[in-house]
$ cat coords_20.cif   # mmCIF, C-alpha atoms (C1' of nucleotides)
data_target
#
loop_
_atom_site.label_atom_id
_atom_site.label_comp_id
_atom_site.auth_asym_id
_atom_site.auth_seq_id
_atom_site.Cartn_x
_atom_site.Cartn_y
_atom_site.Cartn_z
CA MET A 1 162.48 -40.51 123.32
CA ARG A 2 160.22 -37.88 124.71
CA LYS A 3 160.48 -34.45 123.21
CA GLN A 4 158.56 -31.30 123.97
CA LYS A 5 158.76 -27.62 123.24
CA SER A 6 161.11 -25.74 125.50
CA GLY A 7 159.08 -22.53 125.46
CA PRO A 8 159.47 -19.54 127.78
CA LYS A 9 160.81 -19.86 131.30
CA ASN A 10 158.56 -20.96 134.09
CA LEU A 11 157.52 -18.64 136.87
CA GLY A 12 158.63 -19.31 140.41
CA GLU A 13 156.04 -19.65 143.13
CA PHE A 14 156.61 -16.19 144.55
CA GLU A 15 156.54 -14.65 141.10
CA ILE A 16 153.11 -16.15 140.61
CA LEU A 17 151.96 -14.64 143.90
CA VAL A 18 153.25 -11.23 142.89
CA LEU A 19 151.67 -11.27 139.44
CA ALA A 20 148.36 -12.39 140.92
CA ALA A 21 148.54 -9.54 143.42
CA LEU A 22 149.02 -7.09 140.55
CA VAL A 23 145.88 -8.35 138.91
CA ARG A 24 143.95 -8.08 142.15
CA LEU A 25 145.12 -4.61 143.03
CA GLY A 26 144.85 -3.02 139.62
CA ALA A 27 145.73 0.67 139.75
CA ASP A 28 146.47 0.53 143.47
CA ALA A 29 149.44 -1.75 143.01
CA TYR A 30 152.69 -0.49 144.48
CA GLY A 31 155.24 -1.87 146.89
CA VAL A 32 153.38 -1.56 150.14
CA THR A 33 149.96 -2.64 148.89
CA ILE A 34 151.35 -5.58 146.95
CA ARG A 35 153.18 -6.75 150.00
CA ARG A 36 150.15 -6.38 152.22
CA GLU A 37 147.91 -8.14 149.72
CA ILE A 38 150.13 -11.20 149.64
CA GLU A 39 150.61 -11.27 153.38
CA ASP A 40 146.93 -10.89 154.12
CA ARG A 41 145.77 -13.46 151.62
CA THR A 42 148.42 -16.10 152.15
CA GLY A 43 149.29 -15.48 155.78
CA ARG A 44 152.91 -15.66 154.80
CA ALA A 45 155.48 -13.00 155.65
CA VAL A 46 156.94 -11.11 152.71
CA SER A 47 160.14 -9.15 153.14
CA VAL A 48 160.51 -5.92 151.23
CA GLY A 49 163.69 -7.13 149.65
CA ALA A 50 162.00 -10.25 148.33
CA LEU A 51 159.22 -8.21 146.82
CA TYR A 52 161.23 -5.51 145.11
CA SER A 53 163.85 -7.80 143.68
CA THR A 54 161.15 -10.04 142.30
CA LEU A 55 159.34 -7.05 140.81
CA ALA A 56 162.58 -5.86 139.24
CA ARG A 57 163.19 -9.27 137.70
CA LEU A 58 159.66 -9.51 136.38
CA GLU A 59 160.09 -6.10 134.83
CA GLU A 60 163.38 -7.09 133.22
CA LYS A 61 161.61 -10.01 131.63
CA GLY A 62 158.91 -7.75 130.31
CA TYR A 63 156.15 -9.23 132.44
CA VAL A 64 155.34 -6.04 134.31
CA GLY A 65 155.71 -2.32 133.73
CA SER A 66 156.17 0.43 136.29
CA ARG A 67 156.33 4.18 136.64
CA ILE A 68 156.72 6.66 139.44
CA GLY A 69 153.49 8.33 140.50
CA ALA A 70 152.91 11.73 142.07
CA ALA A 71 153.54 12.25 145.77
CA THR A 72 150.43 12.37 147.89
CA ALA A 73 149.66 14.82 150.69
CA GLU A 74 149.90 12.25 153.44
CA ARG A 75 152.55 12.18 156.03
CA GLY A 76 155.55 10.43 154.58
CA GLY A 77 153.73 10.45 151.28
CA ARG A 78 156.74 9.78 149.17
CA ALA A 79 156.13 9.19 145.46
CA LYS A 80 155.14 5.59 144.80
CA ARG A 81 156.24 3.34 142.01
CA HIS A 82 153.14 1.82 140.47
CA TYR A 83 153.29 -1.60 138.88
CA VAL A 84 151.10 -3.12 136.25
CA ILE A 85 151.07 -6.57 134.70
CA LYS A 86 151.69 -6.69 130.95
CA ALA A 87 150.30 -9.02 128.33
CA GLU A 88 153.36 -11.27 128.48
CA GLY A 89 153.01 -11.48 132.22
CA GLN A 90 149.37 -12.41 131.95
CA ALA A 91 150.17 -15.15 129.47
CA GLN A 92 152.87 -16.54 131.74
CA LEU A 93 150.70 -16.35 134.81
CA GLN A 94 148.00 -18.21 133.00
CA ARG A 95 150.38 -20.89 131.82
CA SER A 96 151.87 -21.44 135.25
CA ALA A 97 148.51 -21.42 136.99
CA THR A 98 147.13 -23.87 134.46
CA ALA A 99 150.08 -26.23 134.84
CA LEU A 100 149.82 -26.10 138.61
CA GLY A 101 146.10 -26.67 138.42
CA ALA A 102 146.48 -29.67 136.13
CA MET A 103 148.71 -31.31 138.69
CA LEU A 104 146.87 -30.23 141.81
CA LYS A 105 143.36 -30.93 140.63
CA GLY A 106 141.91 -33.60 142.82
CA VAL A 107 145.01 -33.67 144.97
CA SER A 108 144.67 -30.61 147.10
CA PRO A 109 141.81 -28.21 147.79
CA TRP A 110 142.22 -26.34 144.59
CA PRO A 111 139.38 -23.93 143.89
CA GLU A 112 138.08 -23.89 140.38
CA ILE A 113 140.15 -20.80 139.77
CA LEU A 114 142.12 -22.67 137.23
CA ASN A 115 139.09 -23.39 135.17
CA ARG A 116 138.34 -19.70 135.13
CA LEU A 117 141.86 -18.72 134.21
CA ALA A 118 141.88 -21.16 131.37
CA THR A 119 138.93 -19.45 129.76
CA LEU A 120 140.30 -15.92 129.93
CA MET B 121 177.25 -13.85 160.32
CA ARG B 122 175.46 -16.85 159.00
CA LYS B 123 171.83 -16.64 158.21
CA GLN B 124 169.57 -18.31 160.68
CA LYS B 125 167.16 -20.88 159.45
CA SER B 126 163.53 -20.16 160.15
CA GLY B 127 160.44 -22.31 160.26
CA PRO B 128 159.05 -24.39 157.42
CA LYS B 129 160.27 -23.09 154.10
CA ASN B 130 157.98 -22.47 151.19
CA LEU B 131 157.90 -24.92 148.35
CA GLY B 132 159.14 -23.87 144.94
CA GLU B 133 156.88 -24.27 141.95
CA PHE B 134 158.62 -27.38 140.65
CA GLU B 135 158.64 -28.93 144.09
CA ILE B 136 154.89 -28.51 144.20
CA LEU B 137 154.58 -30.23 140.84
CA VAL B 138 156.70 -33.14 142.03
CA LEU B 139 154.85 -33.61 145.30
CA ALA B 140 151.52 -33.48 143.48
CA ALA B 141 152.78 -36.11 141.06
CA LEU B 142 153.66 -38.36 143.99
CA VAL B 143 150.14 -38.10 145.31
CA ARG B 144 148.66 -38.88 141.91
CA LEU B 145 150.91 -41.84 141.21
CA GLY B 146 150.82 -43.47 144.60
CA ALA B 147 152.77 -46.72 144.62
CA ASP B 148 153.76 -46.32 140.97
CA ALA B 149 155.89 -43.30 141.66
CA TYR B 150 159.49 -43.54 140.55
CA GLY B 151 161.76 -41.42 138.40
CA VAL B 152 160.42 -42.21 134.99
CA THR B 153 156.72 -42.22 135.85
CA ILE B 154 156.96 -39.03 137.87
CA ARG B 155 158.66 -37.30 135.00
CA ARG B 156 156.13 -38.54 132.51
CA GLU B 157 153.23 -37.56 134.74
CA ILE B 158 154.43 -33.97 135.00
CA GLU B 159 155.23 -33.68 131.32
CA ASP B 160 151.94 -35.15 130.21
CA ARG B 161 149.82 -33.08 132.56
CA THR B 162 151.60 -29.76 132.27
CA GLY B 163 153.00 -29.98 128.76
CA ARG B 164 156.28 -28.77 130.14
CA ALA B 165 159.60 -30.51 129.57
CA VAL B 166 161.25 -31.96 132.67
CA SER B 167 164.93 -32.85 132.63
CA VAL B 168 166.01 -35.90 134.57
CA GLY B 169 168.55 -33.86 136.48
CA ALA B 170 165.91 -31.39 137.60
CA LEU B 171 163.70 -34.18 138.81
CA TYR B 172 166.23 -36.20 140.75
CA SER B 173 167.87 -33.26 142.45
CA THR B 174 164.48 -31.96 143.47
CA LEU B 175 163.48 -35.38 144.81
CA ALA B 176 166.75 -35.58 146.73
CA ARG B 177 166.14 -32.17 148.29
CA LEU B 178 162.57 -33.03 149.21
CA GLU B 179 163.83 -36.19 150.84
CA GLU B 180 166.48 -34.28 152.79
CA LYS B 181 163.76 -32.05 154.13
CA GLY B 182 161.74 -35.03 155.19
CA TYR B 183 158.90 -34.38 152.76
CA VAL B 184 159.30 -37.63 150.87
CA GLY B 185 160.69 -41.07 151.56
CA SER B 186 162.13 -43.57 149.09
CA ARG B 187 163.34 -47.11 148.80
CA ILE B 188 164.70 -49.35 146.12
CA GLY B 189 162.19 -51.81 144.76
CA ALA B 190 162.68 -55.18 143.12
CA ALA B 191 163.81 -55.32 139.52
CA THR B 192 161.05 -56.15 137.07
CA ALA B 193 161.16 -58.50 134.11
CA GLU B 194 161.10 -55.72 131.55
CA ARG B 195 163.93 -54.86 129.28
CA GLY B 196 166.33 -52.58 131.06
CA GLY B 197 164.37 -53.41 134.15
CA ARG B 198 166.82 -52.01 136.58
CA ALA B 199 165.57 -51.80 140.16
CA LYS B 200 163.56 -48.66 140.60
CA ARG B 201 163.68 -46.23 143.46
CA HIS B 202 160.12 -45.69 144.61
CA TYR B 203 159.16 -42.39 146.16
CA VAL B 204 156.38 -41.69 148.61
CA ILE B 205 155.14 -38.41 150.01
CA LYS B 206 155.27 -38.17 153.79
CA ALA B 207 152.85 -36.47 156.15
CA GLU B 208 155.07 -33.43 156.44
CA GLY B 209 155.25 -33.19 152.68
CA GLN B 210 151.51 -33.38 152.34
CA ALA B 211 151.10 -30.64 154.92
CA GLN B 212 153.51 -28.42 153.01
CA LEU B 213 151.87 -29.16 149.71
CA GLN B 214 148.56 -28.26 151.26
CA ARG B 215 149.89 -24.98 152.58
CA SER B 216 151.44 -23.95 149.28
CA ALA B 217 148.41 -24.93 147.24
CA THR B 218 146.15 -23.03 149.61
CA ALA B 219 148.30 -19.90 149.46
CA LEU B 220 148.39 -20.00 145.69
CA GLY B 221 144.66 -20.59 145.53
CA ALA B 222 143.96 -17.68 147.86
CA MET B 223 145.84 -15.33 145.56
CA LEU B 224 144.47 -16.69 142.31
CA LYS B 225 140.88 -16.89 143.48
CA GLY B 226 138.70 -14.25 141.92
CA VAL B 227 141.37 -12.93 139.65
CA SER B 228 138.97 -11.56 137.10
CA PRO B 229 139.20 -7.92 135.98
CA TRP B 230 141.41 -8.71 133.05
CA PRO B 231 139.72 -6.31 130.65
CA GLU B 232 140.33 -3.43 133.03
CA ILE B 233 143.97 -4.37 133.31
CA LEU B 234 144.35 -4.45 129.59
CA ASN B 235 142.95 -0.96 129.32
CA ARG B 236 145.41 0.41 131.80
CA LEU B 237 148.28 -1.13 129.95
CA ALA B 238 147.92 1.45 127.24
CA THR B 239 148.65 4.26 129.67
CA LEU B 240 151.96 2.91 130.79
"C1'" DA C 241 180.65 -61.10 125.21
"C1'" DT C 242 178.97 -56.91 123.69
"C1'" DA C 243 175.52 -53.75 122.29
"C1'" DT C 244 171.62 -51.26 123.81
"C1'" DA C 245 167.60 -49.87 126.62
"C1'" DT C 246 166.23 -48.20 130.97
"C1'" DT C 247 166.90 -46.13 135.33
"C1'" DA C 248 169.59 -43.52 138.78
"C1'" DA C 249 173.14 -40.43 140.53
"C1'" DC C 250 176.41 -36.64 140.06
"C1'" DT C 251 178.27 -32.07 138.60
"C1'" DA C 252 178.15 -27.42 137.71
"C1'" DC C 253 175.82 -23.40 137.05
"C1'" DA C 254 171.59 -20.28 136.34
"C1'" DA C 255 167.52 -18.42 138.22
"C1'" DT C 256 164.68 -17.31 142.16
"C1'" DG C 257 163.84 -16.35 146.99
"C1'" DT C 258 164.99 -13.78 151.22
"C1'" DA C 259 166.50 -10.64 154.99
"C1'" DG C 260 167.81 -6.43 156.46
"C1'" DA C 261 170.31 -2.15 156.05
"C1'" DA C 262 170.75 1.99 153.54
"C1'" DC C 263 168.80 5.60 151.23
"C1'" DA C 264 165.12 9.03 149.88
"C1'" DA C 265 161.24 12.06 150.22
"C1'" DA C 266 157.57 13.93 152.51
"C1'" DT C 267 155.07 15.60 157.07
"C1'" DT C 268 154.85 17.09 161.71
"C1'" DG C 269 155.73 19.93 165.55
"C1'" DA C 270 158.91 22.23 169.03
"C1'" DT D 271 164.20 25.83 160.85
"C1'" DC D 272 165.23 21.27 161.48
"C1'" DA D 273 165.20 16.88 163.94
"C1'" DA D 274 162.05 13.18 164.46
"C1'" DT D 275 158.76 10.34 162.19
"C1'" DT D 276 156.40 8.03 158.55
"C1'" DT D 277 156.11 6.00 154.06
"C1'" DG D 278 158.35 3.99 150.40
"C1'" DT D 279 162.26 2.32 147.38
"C1'" DT D 280 166.93 0.63 146.40
"C1'" DC D 281 171.04 -1.89 147.52
"C1'" DT D 282 173.85 -5.74 149.27
"C1'" DA D 283 174.78 -10.28 150.19
"C1'" DC D 284 173.70 -14.89 150.32
"C1'" DA D 285 170.48 -19.08 150.46
"C1'" DT D 286 167.52 -21.99 148.03
"C1'" DT D 287 165.58 -23.94 143.84
"C1'" DG D 288 165.66 -25.02 139.02
"C1'" DT D 289 168.01 -27.02 135.07
"C1'" DA D 290 170.96 -29.30 131.57
"C1'" DG D 291 174.23 -32.47 130.69
"C1'" DT D 292 177.33 -36.16 132.00
"C1'" DT D 293 178.34 -40.46 134.09
"C1'" DA D 294 177.20 -44.89 136.15
"C1'" DA D 295 174.60 -49.08 137.00
"C1'" DT D 296 171.78 -53.02 135.72
"C1'" DA D 297 168.97 -55.36 133.05
"C1'" DT D 298 167.74 -57.61 128.21
"C1'" DA D 299 168.80 -58.89 123.39
"C1'" DT D 300 171.64 -60.77 119.99
#
$ encode --input "coords_20.cif" --output "structure tokens"
Amino acid sequence: MRKQKSGPKNLGEFEILVLAALVRLGADAYGVTIRREIEDRTGRAVSVGALYSTLARLEEKGYVGSRIGAATAERGGRAKRHYVIKAEGQAQLQRSATALGAMLKGVSPWPEILNRLATL
Amino acid sequence: MRKQKSGPKNLGEFEILVLAALVRLGADAYGVTIRREIEDRTGRAVSVGALYSTLARLEEKGYVGSRIGAATAERGGRAKRHYVIKAEGQAQLQRSATALGAMLKGVSPWPEILNRLATL
DNA sequence: ATATATTAACTACAATGTAGAACAAATTGA
DNA sequence: TCAATTTGTTCTACATTGTAGTTAATATAT
């Protein structure tokens, strides 16, 4: 019989996209920019609801942290909630990306991102 | 009011893993080998239920096809159901892998992220 | 025949994904 | 001032995916 460790939960595909966006955006990560980043890079539509509920779940799991920032002086410049990926989130992102890469390598045009992630 | 179905749906993470396994295994793809392929390559446990229900859903969506093969002369050699990825499935797999790759590509400033974690 | 190994299907529920409306806060301009 | 406008977040409701565990089928071994 085959037996393996049943470690932490796996990330869903959209969760991976969101965590990756957080890494890319750094300090500029908040609702609107995260959404735009994913839409621009993947060409896939992202509804606000999908984004915020996913962020909330990632935060519950301790993968990301957030805090309300100061309001800016722009029109409609309501205070933003800034998100940041935490160590646990990084570890999970790396695990999921590595697993995906192991399966996709040689199957689909998979940049050598995975190799980079694995060495972080 | 019932929700309207839109264009091609996005693949979930596990669905991606399964489709990729089908590509890797080719003609040898059936329940047991698919499961083993994913477990061996990703190090992640895969329950039989998870696998078969995912295969059934992928088949419903027209992403994979299957047919019962001839029984072999091995012990417990019950006839296997062989799975094959279809053109539509390959296209979807390609799309999902590309989207993921676009987000993961160049994800590098990890040190900076770690620094900002302290301020949260 | 009956025990057991191997493979497949089914059941029930948990976790994730998604859309869109509602709500909130700030700016602009008559 | 205050209604319209812009930017941004939260809430509601449900669909889709992910998973474990159970049950069934079919072969071999004894």
$ interface_residues --input "coords_20.cif" --of "chain D" --to "chain B" --cutoff "10 Å" --atoms "all atoms listed in the file" --output "JSON, numbers by chain"
{"D": [284, 285, 286, 287, 288, 289, 290, 291, 295, 296, 297, 298, 299]}
$ write_last_selection --input "coords_20.cif" --atoms "C-alpha atoms (C1' of nucleotides)" --output "PDB file, in the coordinates of the input"
ATOM      1  C1'  DC D 284     173.700 -14.890 150.320  1.00  0.00           C
ATOM      2  C1'  DA D 285     170.480 -19.080 150.460  1.00  0.00           C
ATOM      3  C1'  DT D 286     167.520 -21.990 148.030  1.00  0.00           C
ATOM      4  C1'  DT D 287     165.580 -23.940 143.840  1.00  0.00           C
ATOM      5  C1'  DG D 288     165.660 -25.020 139.020  1.00  0.00           C
ATOM      6  C1'  DT D 289     168.010 -27.020 135.070  1.00  0.00           C
ATOM      7  C1'  DA D 290     170.960 -29.300 131.570  1.00  0.00           C
ATOM      8  C1'  DG D 291     174.230 -32.470 130.690  1.00  0.00           C
ATOM      9  C1'  DA D 295     174.600 -49.080 137.000  1.00  0.00           C
ATOM     10  C1'  DT D 296     171.780 -53.020 135.720  1.00  0.00           C
ATOM     11  C1'  DA D 297     168.970 -55.360 133.050  1.00  0.00           C
ATOM     12  C1'  DT D 298     167.740 -57.610 128.210  1.00  0.00           C
ATOM     13  C1'  DA D 299     168.800 -58.890 123.390  1.00  0.00           C
TER      14       DA D 299
END
$ resolve_selection --input "coords_20.cif" --expression "the PyMOL selection byres ((chain B and resi 214) around 10)" --output "PyMOL selection string"
(chain A and resi 104+107-110) or (chain B and resi 136+140+208-213+215-220)
$ resolve_selection --input "coords_20.cif" --expression "the PyMOL selection byres ((chain C) within 7 of (chain A))" --output "list in words"
DT256, DG257, DT258, DA259, DA265, DA266 and DT267 of chain C
$ resolve_selection --input "coords_20.cif" --expression "the PyMOL selection byres ((chain D and resi 294) around 9)" --output "PyMOL selection string"
(chain C and resi 248-249) or (chain D and resi 293+295)
$ closest_residue --input "coords_20.cif" --among "B:Ala190, B:Leu178, B:Ile205, B:Met223" --to "chain A" --atoms "only C-alpha atoms"
B:Met223
$ atom_distance --input "coords_20.cif" --atom1 "atom C1' of DA261 of chain C" --atom2 "atom CA of Tyr83 of chain A"
24.2 Å
$ atom_distance --input "coords_20.cif" --atom1 "atom CA of Leu145 of chain B" --atom2 "atom CA of Glu157 of chain B"
8.1 Å
$ atom_distance --input "coords_20.cif" --atom1 "atom CA of Thr33 of chain A" --atom2 "atom CA of Lys86 of chain A"
18.5 Å
$ closest_residue --input "coords_20.cif" --among "B:Asp148, B:Glu179, B:Leu139, B:Arg201" --to "chain A" --atoms "only C-alpha atoms"
B:Leu139
$ closest_residue --input "coords_20.cif" --among "B:Ala165, B:Val138, B:Val184, B:Ala176" --to "chain A" --atoms "all atoms listed in the file"
B:Ala165
$ closest_atom_pairs --input "coords_20.cif" --of "chain C" --to "segment 274-282 of chain D" --cutoff "8 Å" --atoms "all atoms listed in the file" --output "CSV"
residue,atom,partner,partner_atom,distance
C:DA262,C1',D:DC281,C1',7.2
C:DC263,C1',D:DT280,C1',7.2
C:DA264,C1',D:DT279,C1',7.7
C:DT267,C1',D:DT276,C1',7.8
C:DT268,C1',D:DT275,C1',7.8
